[in-house]
Amino acid sequence: MPLNDADLVARVLLEDDHHAFAELVRNHQSPVRGLLRQLTRGDLALADDLAQEAFLRAYKNIRSFRGEAKFSTWLYRIAYNCFREEARKRKELVGIDETKLEAEPDPQTVDPALRHDLMHALQLLPLHERSAILLCCQNGLSHDEAARVLEIPLGTVKTNVLRGREKLKKILSAWGPA
Amino acid sequence: MNDQFEGDWLERRLRDEMPYINDDGFTARVLQQLPATQSRYSVRAAVLLCLTLLASIITYFVSDGGRFLIEAVYRLASLPLLFVGLLAICSTLLVTALAANAALSTARTER
């Protein structure tokens, strides 16, 4: 029977079990890397570097995880902090850079035409709205969890999601449902 | 088309657009970078505990069965009550300041 996150964290804490931590990385690498890819506007190399840094920080600070939030929420928060630190150095991660929209296509694309439009639409949103939309609408976090990750008030998250949705709807209206 | 439908549709599309990312050696790369020092912390803690115990035992025998402790308690009991109270308050403030400092540095590390 596979162990849940709490059991794996306990093993890392008590026995410094690298296998347990590897299991945690395997379980969460896809959503964390996915989020960072979106935040970095498709810069796969940078996103993976930040994801590695996030997991390393999680390992070093695992004693500060008290189980008040889900492990994934705690991990998203670390990953978002890594991104924010990088964004302070690279202004293009926050502002809109049209050249990034022509980034190489992802081989795992489901529907290339729609994906490109959606990526385009997402990347046109300001960072605070994009982050809120990604966490709440794409990664399935509650508004409360997103507020913890982004370290902003709950009301601000709700506003950012609403505004982001409205903007996305406008941008995507050309191929939305009739 | 109502707002709820549009919201659901948008969320569904966003989730569809988030394919599973294959590990492709990512976990192995993270594991390679893990510090191998954490297990040494428990060894260090055990060594410190043993040394503390050893020092306590030596002190006990050297000081004639811990006689100095009894004398210190007697001396403390003979001090004025106001002085003992002040000493207690100062000690409490010192411990609180140290604990707050430790909590703040832990929070900083967590960020």
# chains A, B, ... in the order shown; residues from 1 in each chain; ligands from 1
call {"tool": "residues_around", "arguments": {"residues": "Val12 (chain A)", "least_positions_apart": "2", "cutoff": "10 Å", "atoms": "only C-alpha atoms", "output": "number ranges by chain"}}
result
A: 6-10, 14-22, 24, 59, 62-63
call {"tool": "residues_around", "arguments": {"residues": "Tyr80 (chain A)", "least_positions_apart": "4", "cutoff": "8 Å", "atoms": "only C-alpha atoms", "output": "number ranges by chain"}}
result
A: 36, 76, 84, 149-150
call {"tool": "write_last_selection", "arguments": {"atoms": "N, CA and C atoms", "output": "JSON list (two decimals), in the first residue's frame"}}
result
[["chain", "number", "residue", "atom", "x", "y", "z"],
["A", 36, "LEU", "N", 5.66, 26.07, -12.38],
["A", 36, "LEU", "CA", 6.82, 26.93, -12.63],
["A", 36, "LEU", "C", 7.01, 27.19, -14.13],
["A", 76, "TYR", "N", 4.10, 24.28, -2.92],
["A", 76, "TYR", "CA", 3.80, 25.35, -3.87],
["A", 76, "TYR", "C", 4.31, 26.69, -3.34],
["A", 84, "ARG", "N", 9.64, 33.93, -7.15],
["A", 84, "ARG", "CA", 9.59, 35.36, -6.84],
["A", 84, "ARG", "C", 11.00, 35.94, -6.69],
["A", 149, "VAL", "N", -0.18, 30.26, -0.21],
["A", 149, "VAL", "CA", 0.96, 30.10, -1.14],
["A", 149, "VAL", "C", 1.49, 31.47, -1.56],
["A", 150, "LEU", "N", 0.57, 32.36, -1.92],
["A", 150, "LEU", "CA", 0.97, 33.66, -2.46],
["A", 150, "LEU", "C", 1.26, 34.69, -1.37]]
call {"tool": "closest_atom_pairs", "arguments": {"of": "chain A", "to": "chain B", "cutoff": "7 Å", "atoms": "only C-alpha atoms", "output": "tab-separated table"}}
result
residue	atom	partner	partner_atom	distance
A:Asp16	CA	B:Ser39	CA	6.5
A:Ala22	CA	B:Thr27	CA	6.3
A:Val25	CA	B:Thr27	CA	6.0
A:Arg26	CA	B:Thr27	CA	6.1
A:Ser30	CA	B:Ile21	CA	4.9
A:Gly34	CA	B:Met18	CA	7.0
A:Gln52	CA	B:Val30	CA	5.8
A:Leu56	CA	B:Leu34	CA	6.6
A:Asn61	CA	B:Glu110	CA	6.2
A:Ser64	CA	B:Glu110	CA	6.4
A:Gln108	CA	B:Pro19	CA	6.7
A:Arg115	CA	B:Glu17	CA	6.4
A:Cys137	CA	B:Glu11	CA	5.1
A:Gln138	CA	B:Arg15	CA	5.0
call {"tool": "residues_around", "arguments": {"residues": "Val157 (chain A)", "least_positions_apart": "6", "cutoff": "9 Å", "atoms": "only C-alpha atoms", "output": "PyMOL selection string"}}
result
chain A and resi 128-129+132+143-144+146-147+150
call {"tool": "residues_around", "arguments": {"residues": "Ser72 (chain A)", "least_positions_apart": "5", "cutoff": "10 Å", "atoms": "only C-alpha atoms", "output": "PDB file with N, CA and C atoms, in the first residue's frame"}}
result
ATOM      1  N   ASP A   5       1.422  11.413   1.995  1.00  0.00           N
ATOM      2  CA  ASP A   5       2.437  12.456   2.194  1.00  0.00           C
ATOM      3  C   ASP A   5       2.870  12.569   3.655  1.00  0.00           C
ATOM      4  N   LEU A  24       8.262  11.532  -2.354  1.00  0.00           N
ATOM      5  CA  LEU A  24       7.567  12.834  -2.310  1.00  0.00           C
ATOM      6  C   LEU A  24       7.861  13.642  -3.577  1.00  0.00           C
ATOM      7  N   ASN A  27       5.982  12.171  -6.500  1.00  0.00           N
ATOM      8  CA  ASN A  27       4.536  12.440  -6.433  1.00  0.00           C
ATOM      9  C   ASN A  27       4.185  13.877  -6.808  1.00  0.00           C
ATOM     10  N   HIS A  28       5.105  14.809  -6.526  1.00  0.00           N
ATOM     11  CA  HIS A  28       4.747  16.226  -6.688  1.00  0.00           C
ATOM     12  C   HIS A  28       5.508  16.938  -7.798  1.00  0.00           C
ATOM     13  N   PRO A  31       3.115  18.604 -10.925  1.00  0.00           N
ATOM     14  CA  PRO A  31       2.413  19.878 -10.718  1.00  0.00           C
ATOM     15  C   PRO A  31       3.332  21.044 -10.385  1.00  0.00           C
ATOM     16  N   VAL A  32       4.414  20.771  -9.627  1.00  0.00           N
ATOM     17  CA  VAL A  32       5.329  21.869  -9.263  1.00  0.00           C
ATOM     18  C   VAL A  32       6.061  22.376 -10.511  1.00  0.00           C
ATOM     19  N   ARG A  77       4.177  26.873  -2.039  1.00  0.00           N
ATOM     20  CA  ARG A  77       4.610  28.143  -1.442  1.00  0.00           C
ATOM     21  C   ARG A  77       6.124  28.312  -1.599  1.00  0.00           C
ATOM     22  N   ILE A  78       6.858  27.233  -1.337  1.00  0.00           N
ATOM     23  CA  ILE A  78       8.315  27.286  -1.494  1.00  0.00           C
ATOM     24  C   ILE A  78       8.660  27.544  -2.962  1.00  0.00           C
ATOM     25  N   LEU A 141      -6.286  24.413  -6.186  1.00  0.00           N
ATOM     26  CA  LEU A 141      -6.191  24.862  -4.791  1.00  0.00           C
ATOM     27  C   LEU A 141      -7.420  25.701  -4.442  1.00  0.00           C
ATOM     28  N   GLU A 145      -6.067  28.218   0.313  1.00  0.00           N
ATOM     29  CA  GLU A 145      -4.742  27.619   0.098  1.00  0.00           C
ATOM     30  C   GLU A 145      -3.882  28.522  -0.794  1.00  0.00           C
ATOM     31  N   VAL A 149      -0.175  30.257  -0.215  1.00  0.00           N
ATOM     32  CA  VAL A 149       0.960  30.104  -1.139  1.00  0.00           C
ATOM     33  C   VAL A 149       1.491  31.471  -1.556  1.00  0.00           C
TER      34      VAL A 149
END
call {"tool": "select_by_dssp", "arguments": {"residues": "region 43-173 of chain A", "states": "helix (DSSP H, G or I)", "output": "VMD selection string"}}
result
chain A and resid 44 to 60 62 to 64 71 to 89 91 to 93 98 to 102 112 to 123 127 to 138 143 to 150 154 to 173
